[in-house]
>>> print(open('target-v6.cif').read())   # mmCIF, C-alpha atoms and all ligand atoms
data_query
#
loop_
_atom_site.label_atom_id
_atom_site.label_comp_id
_atom_site.auth_asym_id
_atom_site.auth_seq_id
_atom_site.Cartn_x
_atom_site.Cartn_y
_atom_site.Cartn_z
CA MET A 1 68.28 62.86 151.37
CA PRO A 2 68.74 59.41 152.99
CA PRO A 3 72.16 57.79 152.51
CA PRO A 4 72.38 55.29 149.64
CA THR A 5 72.30 51.59 150.47
CA LEU A 6 75.78 50.12 150.78
CA ASN A 7 76.32 46.70 149.21
CA PHE A 8 78.83 44.98 151.49
CA ILE A 9 80.59 42.12 149.71
CA THR A 10 82.05 39.56 152.10
CA SER A 11 82.20 35.81 152.55
CA ASN A 12 82.53 36.25 156.33
CA ALA A 13 79.29 36.09 158.38
CA ASN A 14 81.00 37.40 161.55
CA LYS A 15 82.28 40.51 159.77
CA LEU A 16 78.83 41.10 158.29
CA SER A 17 77.20 40.80 161.70
CA GLU A 18 79.56 43.37 163.28
CA VAL A 19 79.12 45.78 160.37
CA GLN A 20 75.31 45.43 160.56
CA THR A 21 75.40 46.19 164.29
CA ILE A 22 77.69 49.22 163.98
CA LEU A 23 75.89 50.76 160.99
CA ASN A 24 72.39 49.87 162.22
CA GLY A 25 70.06 52.85 161.87
CA ILE A 26 72.77 54.98 160.24
CA VAL A 27 73.30 53.49 156.80
CA PRO A 28 71.09 50.98 154.98
CA LEU A 29 73.08 47.86 154.16
CA SER A 30 72.67 45.01 151.70
CA SER A 31 75.17 42.22 151.31
CA GLN A 32 76.39 39.53 148.96
CA ALA A 33 78.41 36.56 150.20
CA LEU A 34 81.07 36.44 147.50
CA GLU A 35 84.63 35.18 147.88
CA ILE A 36 86.80 37.73 146.06
CA THR A 37 90.31 36.79 144.88
CA GLU A 38 92.92 38.46 147.08
CA ILE A 39 96.37 39.39 145.76
CA GLN A 40 99.63 39.62 147.73
CA GLY A 41 100.96 43.05 148.63
CA THR A 42 100.65 45.90 151.09
CA ILE A 43 97.45 46.30 153.11
CA GLU A 44 96.32 49.13 150.84
CA HIS A 45 97.14 47.32 147.59
CA VAL A 46 95.27 44.18 148.68
CA SER A 47 92.25 46.22 149.81
CA ARG A 48 92.04 48.37 146.66
CA ASP A 49 92.42 45.38 144.35
CA LYS A 50 89.78 43.36 146.25
CA CYS A 51 87.30 46.22 145.99
CA ARG A 52 87.92 46.78 142.25
CA ARG A 53 87.38 43.06 141.62
CA ALA A 54 84.15 43.09 143.63
CA ALA A 55 82.87 46.14 141.68
CA ASP A 56 83.70 44.37 138.39
CA ILE A 57 81.83 41.22 139.46
CA VAL A 58 78.78 43.02 140.83
CA GLY A 59 78.76 45.69 138.12
CA GLY A 60 77.94 48.51 140.53
CA PRO A 61 78.85 50.20 143.82
CA VAL A 62 80.39 47.96 146.48
CA LEU A 63 81.87 48.08 149.95
CA THR A 64 84.57 45.52 150.80
CA GLU A 65 86.74 44.99 153.85
CA ASP A 66 90.08 43.34 154.45
CA THR A 67 91.39 42.52 157.91
CA CYS A 68 95.04 42.07 158.84
CA LEU A 69 96.74 40.96 162.03
CA CYS A 70 100.25 42.42 162.15
CA PHE A 71 102.80 41.15 164.70
CA GLY A 72 105.29 43.81 165.84
CA ALA A 73 108.14 41.31 166.20
CA LEU A 74 107.58 39.98 162.69
CA GLY A 75 107.68 43.28 160.82
CA GLY A 76 103.91 43.33 160.33
CA LEU A 77 103.41 39.70 159.22
CA PRO A 78 101.18 37.68 158.95
CA GLY A 79 99.31 40.92 158.03
CA PRO A 80 96.89 40.28 155.13
CA TYR A 81 97.77 36.57 155.16
CA ILE A 82 96.42 35.99 158.69
CA LYS A 83 93.47 33.97 157.38
CA TRP A 84 95.77 31.30 155.97
CA PHE A 85 98.14 31.33 158.97
CA LEU A 86 95.17 30.88 161.31
CA ALA A 87 93.78 28.02 159.23
CA ALA A 88 97.17 26.30 159.05
CA ILE A 89 98.56 26.69 162.59
CA GLY A 90 95.67 27.84 164.80
CA HIS A 91 95.76 29.93 167.97
CA GLU A 92 98.60 27.97 169.55
CA GLY A 93 100.73 28.11 166.42
CA LEU A 94 100.25 31.88 166.18
CA ASN A 95 101.42 32.22 169.80
CA ASN A 96 104.40 29.97 169.05
CA LEU A 97 105.49 32.25 166.21
CA LEU A 98 106.32 34.82 168.90
CA LEU A 99 108.05 32.47 171.39
CA ALA A 100 111.50 33.72 170.43
CA TYR A 101 110.54 37.35 171.01
CA GLU A 102 109.74 39.42 174.07
CA ASP A 103 107.61 41.71 171.93
CA LYS A 104 104.11 40.19 171.75
CA SER A 105 102.49 43.33 170.33
CA ALA A 106 100.10 43.13 167.43
CA GLN A 107 97.95 45.53 165.47
CA ALA A 108 94.53 44.55 164.17
CA VAL A 109 94.01 46.52 160.98
CA CYS A 110 90.69 46.86 159.20
CA THR A 111 90.46 48.44 155.78
CA PHE A 112 87.11 49.19 154.21
CA ALA A 113 87.12 50.12 150.55
CA TYR A 114 84.23 51.73 148.68
CA CYS A 115 84.07 51.69 144.89
CA GLU A 116 81.35 53.41 142.81
CA GLY A 117 81.56 50.78 140.07
CA PRO A 118 83.79 49.15 137.44
CA GLY A 119 86.69 51.43 136.46
CA CYS A 120 86.32 53.71 139.52
CA GLU A 121 89.11 54.17 142.07
CA PRO A 122 88.23 52.81 145.54
CA ILE A 123 88.24 55.09 148.59
CA ILE A 124 89.91 53.62 151.69
CA PHE A 125 88.91 53.83 155.39
CA GLU A 126 91.37 52.26 157.82
CA GLY A 127 91.10 51.50 161.54
CA ARG A 128 93.85 50.12 163.78
CA THR A 129 93.79 48.74 167.32
CA THR A 130 97.01 47.82 169.12
CA GLY A 131 97.02 44.87 171.49
CA LYS A 132 99.06 41.79 172.22
CA ILE A 133 99.02 38.11 171.34
CA VAL A 134 98.17 35.81 174.27
CA PRO A 135 97.18 32.15 174.75
CA ALA A 136 93.51 31.76 173.78
CA ARG A 137 90.86 33.01 176.25
CA GLY A 138 87.12 33.28 175.68
CA PRO A 139 84.70 31.77 173.18
CA ALA A 140 86.21 30.74 169.84
CA ASN A 141 83.40 32.10 167.66
CA PHE A 142 85.36 34.46 165.46
CA GLY A 143 88.84 33.97 164.00
CA TRP A 144 91.68 35.16 166.23
CA ASP A 145 89.45 37.05 168.74
CA PRO A 146 90.54 34.71 171.62
CA ILE A 147 94.27 35.50 171.23
CA PHE A 148 94.10 39.29 170.68
CA GLU A 149 94.22 41.06 174.05
CA TYR A 150 93.37 44.74 174.45
CA GLU A 151 93.76 46.35 177.89
CA GLY A 152 93.58 43.05 179.79
CA GLU A 153 90.69 41.43 177.90
CA THR A 154 90.76 39.43 174.69
CA TYR A 155 88.33 40.45 171.97
CA ALA A 156 86.57 37.13 172.62
CA GLU A 157 86.11 37.94 176.33
CA MET A 158 84.59 41.37 175.67
CA ASP A 159 80.92 41.83 175.09
CA LYS A 160 80.18 42.70 171.48
CA ALA A 161 79.34 46.34 172.18
CA LYS A 162 82.69 46.87 173.87
CA LYS A 163 84.60 45.17 171.06
CA ASN A 164 82.82 47.31 168.47
CA SER A 165 83.60 50.49 170.42
CA ILE A 166 87.39 49.95 170.46
CA SER A 167 87.98 47.56 167.56
CA HIS A 168 89.86 48.03 164.30
CA ARG A 169 86.51 47.54 162.52
CA GLY A 170 84.64 50.08 164.68
CA LYS A 171 87.34 52.72 164.06
CA ALA A 172 87.35 52.15 160.30
CA LEU A 173 83.54 52.39 160.21
CA GLU A 174 83.68 55.70 162.12
CA LYS A 175 85.73 57.12 159.23
CA LEU A 176 83.33 55.64 156.69
CA LYS A 177 80.38 57.23 158.52
CA VAL A 178 82.04 60.68 158.52
CA TRP A 179 82.64 60.36 154.77
CA LEU A 180 79.06 59.26 154.11
CA GLU A 181 77.72 62.19 156.15
CA SER A 182 79.93 64.61 154.20
CA ARG A 183 78.28 63.43 150.97
CA MET A 184 74.69 63.98 152.15
O1 LIG A 201 89.16 37.24 165.55
C1 LIG A 201 88.89 37.96 164.61
N1 LIG A 201 88.33 39.17 164.85
C2 LIG A 201 88.02 40.05 163.89
O2 LIG A 201 87.50 41.13 164.15
C3 LIG A 201 88.30 39.62 162.55
N2 LIG A 201 88.11 40.18 161.35
C4 LIG A 201 88.55 39.30 160.45
N3 LIG A 201 89.03 38.20 161.04
C5 LIG A 201 89.67 37.03 160.42
O3 LIG A 201 90.89 37.46 159.83
C6 LIG A 201 91.00 36.94 158.50
C7 LIG A 201 90.87 38.11 157.56
O4 LIG A 201 90.81 37.74 156.22
P1 LIG A 201 89.88 38.49 155.21
O5 LIG A 201 89.83 39.95 155.53
O6 LIG A 201 90.25 38.10 153.85
O7 LIG A 201 88.41 37.91 155.59
P2 LIG A 201 87.52 36.74 154.96
O8 LIG A 201 88.22 36.07 153.82
O9 LIG A 201 87.07 35.87 156.06
O10 LIG A 201 86.25 37.52 154.40
P3 LIG A 201 86.14 38.43 153.06
O11 LIG A 201 87.53 38.62 152.52
O12 LIG A 201 85.27 37.67 152.12
O13 LIG A 201 85.53 39.72 153.51
C8 LIG A 201 89.89 35.90 158.38
O14 LIG A 201 90.39 34.67 158.85
C9 LIG A 201 88.83 36.43 159.33
O15 LIG A 201 87.98 35.43 159.84
C10 LIG A 201 88.88 38.36 162.34
N4 LIG A 201 89.17 37.54 163.36
MG MG A 202 89.11 37.15 152.36
#
>>> encode(input="target-v6.cif", output="structure tokens")
Amino acid sequence: MPPPTLNFITSNANKLSEVQTILNGIVPLSSQALEITEIQGTIEHVSRDKCRRAADIVGGPVLTEDTCLCFGALGGLPGPYIKWFLAAIGHEGLNNLLLAYEDKSAQAVCTFAYCEGPGCEPIIFEGRTTGKIVPARGPANFGWDPIFEYEGETYAEMDKAKKNSISHRGKALEKLKVWLESRM
């Protein structure tokens, strides 16, 4: 039996493109560009709530994703609020947040959530990649890619296939794939 089509709900074209590439030929994907309200809370709370809201809006099965960038020196912040920090202070401002600290480590955390429909409990698939925050290098096509360095290269400097093979998103999708295969 072929796997069911996943309906990925995201307002972010770059996320969608990476997910399409990684799942290409493995899982059929549809998508809707909806902006879902995001609450404050832990990574898991935010992700579960976002997915439940998406399932309520769509009225059926949905896949959602929430990405966090967690600075070691700041106890995990900005975490789920990275989108608003990036918009407000940019790459340089994010670097400046760590000026007072020797520890420049950061974890990129990707949490996919799958919900069967309204009233169902989402299932969570998380991937983490540890790197460090550096002054921007590489093309500024996607969010904070130019300031997240992993083994000497920023995400923005890597070719896409390499990023997908070591990224927070790639790791989370590996777990999703294993789960999907276990259901077939
Ligand atoms: O450089 C990056 N490399 C990545 O791999 C990556 N993944 C997400 N992001 C950014 O981090 C914030 C997450 O917020 P977020 O999860 O709420 O996403 P979003 O609001 O853009 O879309 P969505 O919530 O509708 O799915 C947003 O600013 C995204 O642009 C990334 N930046
Ligand atoms: Mg969002």
>>> residues_near_ligand(input="target-v6.cif", ligand="ligand MG 202 (chain A)", cutoff="7 Å", atoms="only C-alpha atoms and all ligand atoms", output="ChimeraX atom specification")
/A:35-36,38,66
>>> atom_distance(input="target-v6.cif", atom1="atom CA of A:Ser47", atom2="atom CA of A:Pro28")
22.3 Å
>>> residues_near_ligand(input="target-v6.cif", ligand="ligand LIG 201 (chain A)", cutoff="6 Å", atoms="only C-alpha atoms and all ligand atoms", output="PyMOL selection string")
chain A and resi 10-12+35+65-68+82-83+142-145
>>> residues_near_point(input="target-v6.cif", point="(99.9, 35.5, 170.5)", cutoff="9 Å", atoms="all atoms listed in the file", output="list in words")
Phe71, His91, Glu92, Gly93, Leu94, Asn95, Asn96, Leu97, Leu98, Leu99, Lys104, Ser105, Ala106, Lys132, Ile133, Val134, Pro135, Ala136, Ile147, Phe148 and Glu149 of chain A
>>> atom_distance(input="target-v6.cif", atom1="atom CA of A:Pro61", atom2="atom CA of A:Lys160")
28.7 Å
